[in-house]
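Undergrad: The following file, data_18.csv, comprises CSV, C-alpha atoms:
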```csv
chain,number,residue,atom,x,y,z
A,1,MET,CA,-12.7,-86.8,-24.9
A,2,TRP,CA,-13.3,-86.1,-28.5
A,3,LYS,CA,-10.1,-84.2,-29.1
A,4,PHE,CA,-8.2,-87.0,-30.8
A,5,LEU,CA,-10.9,-87.1,-33.5
A,6,GLY,CA,-10.6,-83.4,-34.4
A,7,GLN,CA,-8.8,-81.8,-37.2
A,8,GLY,CA,-5.1,-82.4,-37.3
A,9,SER,CA,-5.4,-85.7,-35.6
A,10,SER,CA,-2.7,-88.2,-36.2
A,11,LEU,CA,-5.3,-91.0,-36.2
A,12,ASN,CA,-5.6,-90.8,-40.0
A,13,HIS,CA,-1.8,-91.5,-40.4
A,14,SER,CA,-1.5,-94.2,-37.7
A,15,SER,CA,-0.1,-97.4,-39.0
A,16,ASP,CA,-2.1,-99.3,-36.3
A,17,LEU,CA,-5.4,-98.7,-38.0
A,18,GLY,CA,-4.5,-100.4,-41.2
A,19,CYS,CA,-6.4,-100.4,-44.4
A,20,CYS,CA,-9.7,-100.9,-42.7
A,21,SER,CA,-9.3,-97.6,-40.9
A,22,GLU,CA,-8.3,-95.9,-44.1
A,23,ASN,CA,-11.3,-97.3,-46.0
A,24,ALA,CA,-13.6,-96.2,-43.2
A,25,ILE,CA,-12.2,-92.7,-43.2
A,26,SER,CA,-12.5,-92.5,-47.0
A,27,LEU,CA,-16.2,-93.5,-46.6
A,28,ILE,CA,-16.7,-90.9,-44.0
A,29,HIS,CA,-15.2,-88.2,-46.1
A,30,CYS,CA,-17.3,-89.3,-49.1
A,31,ILE,CA,-20.6,-89.3,-47.1
A,32,THR,CA,-20.0,-86.2,-45.1
A,33,GLY,CA,-18.5,-84.3,-48.0
A,34,GLU,CA,-21.5,-84.8,-50.2
A,35,LEU,CA,-24.0,-84.1,-47.4
A,36,HIS,CA,-22.1,-81.0,-46.2
A,37,ALA,CA,-22.5,-82.4,-42.7
A,38,LYS,CA,-21.2,-80.5,-39.7
A,39,PRO,CA,-17.9,-81.4,-38.2
A,40,ILE,CA,-19.4,-82.8,-35.0
A,41,PHE,CA,-21.4,-85.3,-37.1
A,42,LYS,CA,-18.2,-86.3,-38.9
A,43,LYS,CA,-16.6,-87.1,-35.6
A,44,LEU,CA,-19.5,-89.1,-34.3
A,45,VAL,CA,-19.9,-91.3,-37.4
A,46,MET,CA,-16.1,-91.8,-37.7
A,47,LEU,CA,-16.0,-92.9,-34.1
A,48,PHE,CA,-18.8,-95.4,-34.6
A,49,LEU,CA,-17.3,-96.9,-37.7
A,50,LEU,CA,-13.8,-97.1,-36.4
A,51,PHE,CA,-14.7,-98.4,-32.9
A,52,PRO,CA,-18.1,-100.2,-33.2
A,53,ASP,CA,-17.6,-102.0,-29.9
A,54,SER,CA,-16.1,-99.1,-28.0
A,55,HIS,CA,-17.6,-97.5,-24.9
A,56,LEU,CA,-16.2,-94.1,-25.8
A,57,TYR,CA,-19.5,-92.8,-27.1
A,58,PRO,CA,-22.3,-92.3,-24.6
A,59,MET,CA,-24.8,-95.1,-24.0
A,60,GLU,CA,-27.9,-95.4,-21.8
A,61,PRO,CA,-27.3,-97.4,-18.7
A,62,GLU,CA,-28.9,-100.8,-18.8
A,63,ASN,CA,-31.2,-101.7,-15.9
A,64,ASP,CA,-31.2,-105.4,-15.3
A,65,THR,CA,-32.6,-105.2,-11.8
A,66,ARG,CA,-34.8,-108.2,-11.2
A,67,ILE,CA,-36.2,-109.0,-7.8
A,68,SER,CA,-37.9,-112.1,-6.7
A,69,GLU,CA,-39.4,-111.2,-3.3
A,70,PHE,CA,-40.3,-108.6,-0.7
A,71,TYR,CA,-40.2,-108.7,3.1
A,72,LEU,CA,-43.3,-107.8,5.0
A,73,LEU,CA,-42.2,-106.4,8.4
A,74,GLY,CA,-45.7,-106.7,9.9
A,75,LEU,CA,-47.1,-104.8,12.9
A,76,SER,CA,-44.7,-105.8,15.6
A,77,LYS,CA,-41.1,-107.1,15.7
A,78,GLU,CA,-41.5,-108.4,19.3
A,79,PRO,CA,-41.5,-112.3,19.2
A,80,ALA,CA,-43.5,-112.4,22.4
A,81,LEU,CA,-46.4,-110.5,20.8
A,82,GLN,CA,-46.6,-112.8,17.7
A,83,PRO,CA,-49.0,-115.4,19.3
A,84,LEU,CA,-51.3,-112.6,20.6
A,85,THR,CA,-51.3,-110.9,17.2
A,86,PHE,CA,-52.0,-114.2,15.5
A,87,GLY,CA,-55.0,-115.1,17.7
A,88,LEU,CA,-56.4,-111.6,17.6
A,89,PHE,CA,-56.3,-111.3,13.8
A,90,LEU,CA,-57.5,-114.9,13.3
A,91,SER,CA,-60.5,-114.2,15.5
A,92,MET,CA,-61.3,-110.9,13.7
A,93,TYR,CA,-61.0,-112.6,10.3
A,94,LEU,CA,-63.3,-115.5,11.2
A,95,ILE,CA,-65.9,-113.1,12.6
A,96,THR,CA,-65.7,-111.0,9.4
A,97,VAL,CA,-66.2,-114.0,7.2
A,98,PHE,CA,-69.0,-115.7,9.1
A,99,GLY,CA,-70.8,-112.4,9.8
A,100,ASN,CA,-70.8,-111.3,6.2
A,101,LEU,CA,-71.7,-114.8,5.0
A,102,LEU,CA,-74.8,-114.7,7.3
A,103,ILE,CA,-75.8,-111.4,5.7
A,104,ILE,CA,-75.4,-113.0,2.2
A,105,LEU,CA,-77.3,-116.1,3.2
A,106,ALA,CA,-80.1,-114.2,4.8
A,107,VAL,CA,-80.6,-111.9,1.8
A,108,SER,CA,-80.4,-114.9,-0.6
A,109,LEU,CA,-82.9,-117.1,1.2
A,110,GLU,CA,-85.5,-114.7,2.4
A,111,PRO,CA,-87.9,-113.2,-0.3
A,112,PRO,CA,-88.8,-110.2,1.9
A,113,LEU,CA,-85.2,-109.1,1.6
A,114,HIS,CA,-85.1,-109.3,-2.2
A,115,THR,CA,-85.0,-105.5,-2.6
A,116,PRO,CA,-82.4,-103.2,-4.1
A,117,MET,CA,-81.1,-102.1,-0.7
A,118,TYR,CA,-80.4,-105.6,0.5
A,119,PHE,CA,-79.1,-106.6,-3.0
A,120,PHE,CA,-76.4,-103.9,-2.6
A,121,LEU,CA,-75.8,-104.9,1.0
A,122,SER,CA,-75.1,-108.6,0.0
A,123,ASN,CA,-72.6,-107.3,-2.6
A,124,LEU,CA,-71.0,-105.1,0.0
A,125,SER,CA,-70.7,-108.1,2.3
A,126,PHE,CA,-69.1,-110.2,-0.4
A,127,GLY,CA,-66.7,-107.4,-1.1
A,128,ASP,CA,-65.8,-107.2,2.6
A,129,ILE,CA,-65.0,-110.9,2.7
A,130,CYS,CA,-62.7,-110.6,-0.3
A,131,PHE,CA,-61.2,-107.4,1.0
A,132,THR,CA,-60.0,-109.0,4.2
A,133,SER,CA,-59.1,-112.3,2.5
A,134,THR,CA,-56.6,-110.4,0.4
A,135,THR,CA,-54.4,-109.4,3.3
A,136,ILE,CA,-55.1,-111.3,6.5
A,137,PRO,CA,-54.5,-114.9,5.5
A,138,LYS,CA,-51.0,-114.0,4.2
A,139,MET,CA,-50.3,-112.1,7.4
A,140,LEU,CA,-51.4,-115.1,9.5
A,141,GLN,CA,-49.2,-117.5,7.4
A,142,ASN,CA,-46.2,-115.3,7.9
A,143,ILE,CA,-46.7,-115.2,11.6
A,144,TRP,CA,-47.3,-119.0,11.8
A,145,THR,CA,-44.2,-119.9,9.7
A,146,GLN,CA,-42.1,-117.1,11.2
A,147,SER,CA,-41.4,-115.8,7.7
A,148,LYS,CA,-41.7,-112.3,6.3
A,149,VAL,CA,-41.2,-113.2,2.7
A,150,ILE,CA,-43.8,-112.5,-0.1
A,151,THR,CA,-42.8,-113.2,-3.7
A,152,TYR,CA,-42.7,-110.4,-6.2
A,153,GLU,CA,-45.6,-111.9,-8.1
A,154,GLY,CA,-47.6,-112.5,-4.9
A,155,CYS,CA,-47.1,-108.9,-3.9
A,156,ILE,CA,-48.4,-107.6,-7.2
A,157,ILE,CA,-51.4,-109.9,-7.1
A,158,GLN,CA,-52.2,-108.9,-3.5
A,159,MET,CA,-51.9,-105.2,-4.4
A,160,TYR,CA,-54.2,-105.7,-7.4
A,161,PHE,CA,-57.0,-107.4,-5.4
A,162,PHE,CA,-56.6,-105.0,-2.5
A,163,ILE,CA,-57.1,-101.9,-4.7
A,164,LEU,CA,-59.9,-103.7,-6.5
A,165,PHE,CA,-62.0,-104.5,-3.4
A,166,ALA,CA,-61.2,-101.2,-1.7
A,167,GLY,CA,-62.5,-99.3,-4.7
A,168,LEU,CA,-65.5,-101.7,-4.9
A,169,ASP,CA,-66.5,-100.9,-1.3
A,170,ILE,CA,-66.3,-97.2,-1.9
A,171,LEU,CA,-68.4,-97.4,-5.1
A,172,LEU,CA,-71.0,-99.7,-3.5
A,173,LEU,CA,-71.4,-97.3,-0.5
A,174,THR,CA,-72.0,-94.5,-3.0
A,175,VAL,CA,-74.6,-96.6,-4.9
A,176,MET,CA,-76.3,-97.5,-1.6
A,177,ALA,CA,-76.5,-93.8,-0.8
A,178,TYR,CA,-78.2,-93.2,-4.1
A,179,ASP,CA,-80.6,-96.0,-3.3
A,180,ARG,CA,-81.6,-94.4,0.0
A,181,PHE,CA,-81.9,-91.0,-1.7
A,182,VAL,CA,-84.4,-92.4,-4.2
A,183,ALA,CA,-86.3,-94.3,-1.5
A,184,ILE,CA,-86.8,-91.3,0.8
A,185,CYS,CA,-86.9,-88.4,-1.7
A,186,HIS,CA,-88.9,-90.1,-4.4
A,187,PRO,CA,-90.8,-92.9,-2.6
A,188,LEU,CA,-93.6,-93.1,-5.2
A,189,HIS,CA,-91.1,-93.7,-8.1
A,190,TYR,CA,-88.8,-95.9,-6.2
A,191,THR,CA,-89.9,-99.2,-7.8
A,192,VAL,CA,-89.9,-97.6,-11.2
A,193,ILE,CA,-86.4,-96.1,-10.9
A,194,MET,CA,-84.6,-98.9,-9.0
A,195,LYS,CA,-85.4,-101.7,-11.3
A,196,PRO,CA,-83.5,-105.0,-11.1
A,197,LEU,CA,-81.7,-104.1,-14.4
A,198,LEU,CA,-80.5,-100.8,-13.1
A,199,CYS,CA,-79.3,-102.3,-9.8
A,200,GLY,CA,-77.4,-105.0,-11.7
A,201,LEU,CA,-75.8,-102.4,-14.0
A,202,LEU,CA,-74.8,-100.2,-11.0
A,203,VAL,CA,-73.0,-103.2,-9.4
A,204,LEU,CA,-71.5,-104.2,-12.7
A,205,ALA,CA,-70.2,-100.7,-13.3
A,206,SER,CA,-68.7,-100.6,-9.8
A,207,TRP,CA,-66.8,-103.9,-10.6
A,208,ILE,CA,-65.6,-102.7,-13.9
A,209,MET,CA,-64.4,-99.3,-12.7
A,210,SER,CA,-62.6,-100.9,-9.7
A,211,ALA,CA,-61.0,-103.5,-11.9
A,212,LEU,CA,-59.7,-101.0,-14.4
A,213,ASN,CA,-58.3,-98.7,-11.8
A,214,SER,CA,-56.6,-101.6,-10.0
A,215,LEU,CA,-55.2,-103.0,-13.3
A,216,LEU,CA,-53.8,-99.6,-14.3
A,217,GLN,CA,-52.0,-99.1,-11.0
A,218,SER,CA,-50.7,-102.6,-10.8
A,219,ILE,CA,-49.2,-102.5,-14.3
A,220,MET,CA,-47.6,-99.2,-13.5
A,221,VAL,CA,-45.8,-100.8,-10.5
A,222,LEU,CA,-44.5,-103.5,-12.9
A,223,TRP,CA,-42.7,-100.8,-14.8
A,224,LEU,CA,-40.7,-99.7,-11.8
A,225,SER,CA,-37.2,-100.9,-11.0
A,226,PHE,CA,-36.3,-102.0,-7.5
A,227,CYS,CA,-32.7,-102.0,-6.1
A,228,THR,CA,-32.0,-102.9,-2.5
A,229,GLY,CA,-33.9,-102.5,0.8
A,230,LEU,CA,-37.0,-104.4,-0.2
A,231,GLU,CA,-38.5,-104.3,3.3
A,232,ILE,CA,-42.1,-103.2,3.4
A,233,PRO,CA,-43.0,-101.7,6.8
A,234,HIS,CA,-46.6,-103.0,6.6
A,235,PHE,CA,-48.5,-106.3,7.0
A,236,PHE,CA,-49.5,-106.3,3.3
A,237,CYS,CA,-48.2,-104.9,0.0
A,238,GLU,CA,-49.7,-101.4,0.3
A,239,ILE,CA,-49.1,-99.7,-3.0
A,240,ASN,CA,-47.7,-96.5,-1.6
A,241,GLN,CA,-45.1,-98.4,0.5
A,242,VAL,CA,-44.1,-100.5,-2.5
A,243,VAL,CA,-43.7,-97.5,-4.8
A,244,GLN,CA,-41.5,-95.8,-2.2
A,245,LEU,CA,-39.0,-98.7,-2.5
A,246,ALA,CA,-38.5,-98.1,-6.2
A,247,CYS,CA,-35.1,-96.7,-7.4
A,248,SER,CA,-36.6,-95.4,-10.7
A,249,ASP,CA,-38.8,-92.4,-11.3
A,250,THR,CA,-42.2,-92.7,-9.5
A,251,SER,CA,-43.7,-89.3,-10.4
A,252,LEU,CA,-46.2,-90.8,-12.8
A,253,ASN,CA,-47.2,-93.5,-10.2
A,254,ASP,CA,-47.7,-90.8,-7.6
A,255,THR,CA,-49.8,-88.7,-10.0
A,256,VAL,CA,-52.1,-91.7,-10.8
A,257,MET,CA,-52.4,-92.6,-7.2
A,258,TYR,CA,-53.4,-89.1,-6.1
A,259,PHE,CA,-55.8,-88.8,-9.0
A,260,ALA,CA,-57.5,-92.1,-8.3
A,261,ALA,CA,-57.8,-91.2,-4.6
A,262,GLY,CA,-59.4,-87.9,-5.6
A,263,VAL,CA,-61.8,-89.5,-7.9
A,264,TYR,CA,-62.8,-92.5,-5.8
A,265,GLY,CA,-62.6,-90.9,-2.4
A,266,GLY,CA,-63.5,-87.3,-3.2
A,267,ALA,CA,-66.2,-87.8,-5.9
A,268,SER,CA,-67.8,-90.7,-3.9
A,269,LEU,CA,-67.8,-88.8,-0.7
A,270,THR,CA,-69.3,-85.8,-2.5
A,271,GLY,CA,-72.1,-88.0,-4.0
A,272,ILE,CA,-72.8,-89.5,-0.5
A,273,LEU,CA,-72.9,-86.1,1.2
A,274,TYR,CA,-75.2,-84.7,-1.6
A,275,SER,CA,-77.6,-87.7,-1.2
A,276,TYR,CA,-77.8,-87.2,2.6
A,277,PHE,CA,-78.3,-83.5,2.2
A,278,LYS,CA,-81.3,-84.2,0.1
A,279,ILE,CA,-82.5,-86.9,2.5
A,280,VAL,CA,-82.3,-84.6,5.5
A,281,SER,CA,-84.2,-81.9,3.6
A,282,SER,CA,-86.9,-84.4,2.8
A,283,ILE,CA,-87.1,-85.8,6.3
A,284,ARG,CA,-87.4,-82.3,7.8
A,285,ARG,CA,-90.6,-81.7,5.6
A,286,ILE,CA,-92.3,-84.7,7.2
A,287,SER,CA,-94.8,-83.5,9.8
A,288,SER,CA,-95.0,-86.4,12.2
A,289,VAL,CA,-92.2,-87.4,14.5
A,290,GLN,CA,-92.9,-91.1,13.9
A,291,GLY,CA,-92.6,-90.6,10.2
A,292,LYS,CA,-89.3,-88.8,10.6
A,293,TYR,CA,-88.0,-91.6,12.7
A,294,LYS,CA,-89.1,-94.3,10.3
A,295,ALA,CA,-87.6,-92.5,7.3
A,296,PHE,CA,-84.3,-91.9,9.0
A,297,SER,CA,-84.1,-95.5,10.4
A,298,THR,CA,-84.0,-96.9,6.9
A,299,CYS,CA,-80.6,-95.2,6.2
A,300,ALA,CA,-79.1,-95.1,9.7
A,301,SER,CA,-77.2,-98.4,9.2
A,302,HIS,CA,-75.7,-97.2,5.9
A,303,LEU,CA,-74.8,-93.8,7.4
A,304,SER,CA,-73.0,-95.6,10.3
A,305,VAL,CA,-71.0,-97.8,7.9
A,306,VAL,CA,-70.1,-94.8,5.7
A,307,SER,CA,-69.0,-92.8,8.7
A,308,LEU,CA,-66.9,-95.7,10.1
A,309,PHE,CA,-65.2,-96.3,6.8
A,310,TYR,CA,-64.4,-92.7,5.9
A,311,CYS,CA,-63.4,-91.7,9.4
A,312,THR,CA,-61.0,-94.6,9.8
A,313,SER,CA,-59.5,-94.0,6.3
A,314,LEU,CA,-59.1,-90.3,7.0
A,315,GLY,CA,-57.6,-91.1,10.4
A,316,VAL,CA,-55.0,-93.3,8.7
A,317,TYR,CA,-54.1,-90.6,6.3
A,318,LEU,CA,-53.8,-87.9,8.9
A,319,SER,CA,-51.8,-90.0,11.3
A,320,SER,CA,-49.3,-91.0,8.6
A,321,SER,CA,-49.0,-87.4,7.5
A,322,ALA,CA,-48.5,-86.1,11.0
A,323,THR,CA,-46.0,-88.7,12.3
A,324,HIS,CA,-44.3,-89.7,9.0
A,325,SER,CA,-44.0,-93.2,10.5
A,326,SER,CA,-44.7,-96.2,8.3
A,327,HIS,CA,-45.2,-98.4,11.4
A,328,SER,CA,-47.9,-96.1,12.9
A,329,SER,CA,-49.6,-96.0,9.5
A,330,ALA,CA,-49.6,-99.8,9.3
A,331,VAL,CA,-51.2,-100.0,12.8
A,332,THR,CA,-53.9,-97.5,12.1
A,333,SER,CA,-54.7,-99.1,8.7
A,334,VAL,CA,-56.0,-102.1,10.6
A,335,MET,CA,-59.1,-100.0,11.4
A,336,TYR,CA,-60.3,-99.8,7.8
A,337,THR,CA,-58.8,-103.0,6.5
A,338,VAL,CA,-60.0,-105.3,9.3
A,339,VAL,CA,-62.2,-103.7,11.9
A,340,THR,CA,-64.6,-101.9,9.5
A,341,PRO,CA,-65.5,-105.1,7.5
A,342,MET,CA,-65.9,-107.0,10.8
A,343,LEU,CA,-68.3,-104.4,12.2
A,344,ASN,CA,-70.5,-104.0,9.1
A,345,PRO,CA,-72.6,-107.1,9.8
A,346,PHE,CA,-73.2,-106.1,13.4
A,347,ILE,CA,-74.2,-102.6,12.4
A,348,TYR,CA,-76.8,-103.8,9.9
A,349,SER,CA,-78.1,-106.6,12.1
A,350,LEU,CA,-78.4,-104.5,15.2
A,351,ARG,CA,-80.0,-101.5,13.5
A,352,ASN,CA,-82.2,-103.3,11.0
A,353,LYS,CA,-85.3,-105.1,12.2
A,354,ASP,CA,-85.7,-107.1,9.0
A,355,ILE,CA,-82.1,-108.4,9.2
A,356,LYS,CA,-82.4,-109.3,12.9
A,357,LYS,CA,-85.6,-111.2,12.3
A,358,VAL,CA,-84.2,-113.2,9.4
A,359,LEU,CA,-80.9,-113.9,11.2
A,360,ARG,CA,-82.7,-115.2,14.2
A,361,ARG,CA,-84.8,-117.5,12.0
A,362,THR,CA,-81.7,-118.6,10.0
A,363,ILE,CA,-79.7,-119.3,13.2
A,364,GLY,CA,-82.6,-121.1,14.7
A,365,MET,CA,-83.0,-123.3,11.6
A,366,ALA,CA,-79.3,-124.1,11.7
A,367,ALA,CA,-79.5,-125.0,15.4
A,368,VAL,CA,-82.3,-127.4,14.7
```
Could I get this structure in the form of structure tokens?

TA:
Amino acid sequence: MWKFLGQGSSLNHSSDLGCCSENAISLIHCITGELHAKPIFKKLVMLFLLFPDSHLYPMEPENDTRISEFYLLGLSKEPALQPLTFGLFLSMYLITVFGNLLIILAVSLEPPLHTPMYFFLSNLSFGDICFTSTTIPKMLQNIWTQSKVITYEGCIIQMYFFILFAGLDILLLTVMAYDRFVAICHPLHYTVIMKPLLCGLLVLASWIMSALNSLLQSIMVLWLSFCTGLEIPHFFCEINQVVQLACSDTSLNDTVMYFAAGVYGGASLTGILYSYFKIVSSIRRISSVQGKYKAFSTCASHLSVVSLFYCTSLGVYLSSSATHSSHSSAVTSVMYTVVTPMLNPFIYSLRNKDIKKVLRRTIGMAAV
């Protein structure tokens, strides 16, 4: 390719180049002669000056790939199942919203529930409402309009808020475990340690950490280039599925995703397990059976929610790893994206006497 620019080339004597070529060559000889440049450098500079618009020299390929939309394939491709799917998910969404709103209303209106535990619970309920509202309304809209389209901007926004509220739920469950640890293991210092300022700071820190993680991962997706085959085998823009559609290098995205999963999932679970290890040790030292039952009942609801959330999330991961099927992963992800937020109000209302009493009073007042 470069042979015609080597020594002995007849290019210097070609009449087609004219005086401009001769002047350029003289300039090359002047520059490279004084700098004692290597022959390869002479060839490159000569080529650039003689053929400034030529494609003979290597260039980086330009990537002008711009997309405007993705296609969410959903849970089922069978048209006959669409009405059933719509009704089922609409019912679960309404139950989730109204159930968690009742928890927030009860905690806000009843002074006996103005404690750190119920303050964290109301924030968890708010996070669950936002968590499901990030994905389910768009899914219902697509089923109703028989469209699978989501815009590129809409997909990024949905991904951002999904990661945000998923991380928030994980951190709030960890904070609630710490609250139960202080209440049972250090009951005499509970009011001193769990001050309103500390509770507010813990919730604020959870929001900030979740927002920063979500922002980082969403921006990294914006750097990716997408080619063809923009079908997402899911009912929402799940980040792992979106990254797999990219035609550019995704190694950095994968590293950040695994690191974030390890920090949020692993570190949070470790903190929860440590808290309950200390709680169980303290309960075992209580002499009376009634005292043990009373101490354990205060954290039974939280333990049930934690078990449900982590077991369903782990089940999704294991099922997707075992089957390597995106469709099965989408179906199993319904458990932690829809079912878990829907069951949380029932778990806390059925296992907590204070919540049950307040909810009965609130529903009775609403009925009147």

Undergrad: So that I can check the surroundings of Tyr264 (chain A), please list as a ChimeraX atom specification every protein, DNA and RNA residue that reaches within 8 Å of it, counting only C-alpha atoms and ignoring chain neighbours fewer than 6 positions away.

TA: /A:167,170-171

Undergrad: Considering only C-alpha atoms, give me a table of residues in region 81-194 of chain A that are at most 9 Å from region 217-222 of chain A, with the closest atom pair and distance in Å for each, as a Markdown table.

TA:
```
| residue | atom | partner | partner_atom | distance |
| --- | --- | --- | --- | --- |
| A:Ile156 | CA | A:Ser218 | CA | 6.6 |
| A:Ile157 | CA | A:Ser218 | CA | 8.2 |
| A:Met159 | CA | A:Ser218 | CA | 7.0 |
| A:Tyr160 | CA | A:Ser218 | CA | 5.8 |
| A:Ile163 | CA | A:Gln217 | CA | 8.6 |
```

Undergrad: Could you write out the selected residues, including C-alpha atoms, as a PDB file, keeping the file's coordinate frame?

TA:
```pdb
ATOM      1  CA  ILE A 156     -48.400-107.600  -7.200  1.00  0.00           C
ATOM      2  CA  ILE A 157     -51.400-109.900  -7.100  1.00  0.00           C
ATOM      3  CA  MET A 159     -51.900-105.200  -4.400  1.00  0.00           C
ATOM      4  CA  TYR A 160     -54.200-105.700  -7.400  1.00  0.00           C
ATOM      5  CA  ILE A 163     -57.100-101.900  -4.700  1.00  0.00           C
TER       6      ILE A 163
END
```

Undergrad: Using only C-alpha atoms, which of the listed residues (A:Phe131, A:Trp223, A:Tyr71, A:Phe181) sits closest to Val280 (chain A)?

TA: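 The shortest atom-to-atom distance to Val280 (chain A) comes from A:Phe181.
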
Undergrad: Just to confirm, what's the straight-line distance from CA of Val263 (chain A) to CA of Val306 (chain A) in Å (one decimal)?

TA: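 Value for the CA of Val263 (chain A)-CA of Val306 (chain A) distance: 16.8 Å.
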
Undergrad: Just give me the gap between CA of Leu230 (chain A) and CA of Ser214 (chain A) in Å, one decimal is fine.

TA: 22.1 Å

Undergrad: Would you work out the distance separating CA of Thr85 (chain A) from CA of Phe165 (chain A), expressed in Å to one decimal?

TA: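 Computing it gives 24.1 Å between the two atoms.
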
Undergrad: Return the single residue from A:Cys227, A:Thr134, A:Pro233, A:Val305 that is closest to Ala246 (chain A), with distances computed using all atoms listed in the file.

TA: A:Cys227

Undergrad: Leaving out region 295-304 of chain A and any residue of its chain fewer than 6 positions from it, which residues lie within 7 Å of it when counting all atoms listed in the file, given as a PyMOL selection string?

TA: chain A and resi 180+184+283+347-348+351

Undergrad: Would you mind telling me which residue in A:Leu72, A:Ala260, A:Ile279, A:Leu168 lies nearest to Ala211 (chain A) when using only C-alpha atoms?

TA: A:Leu168
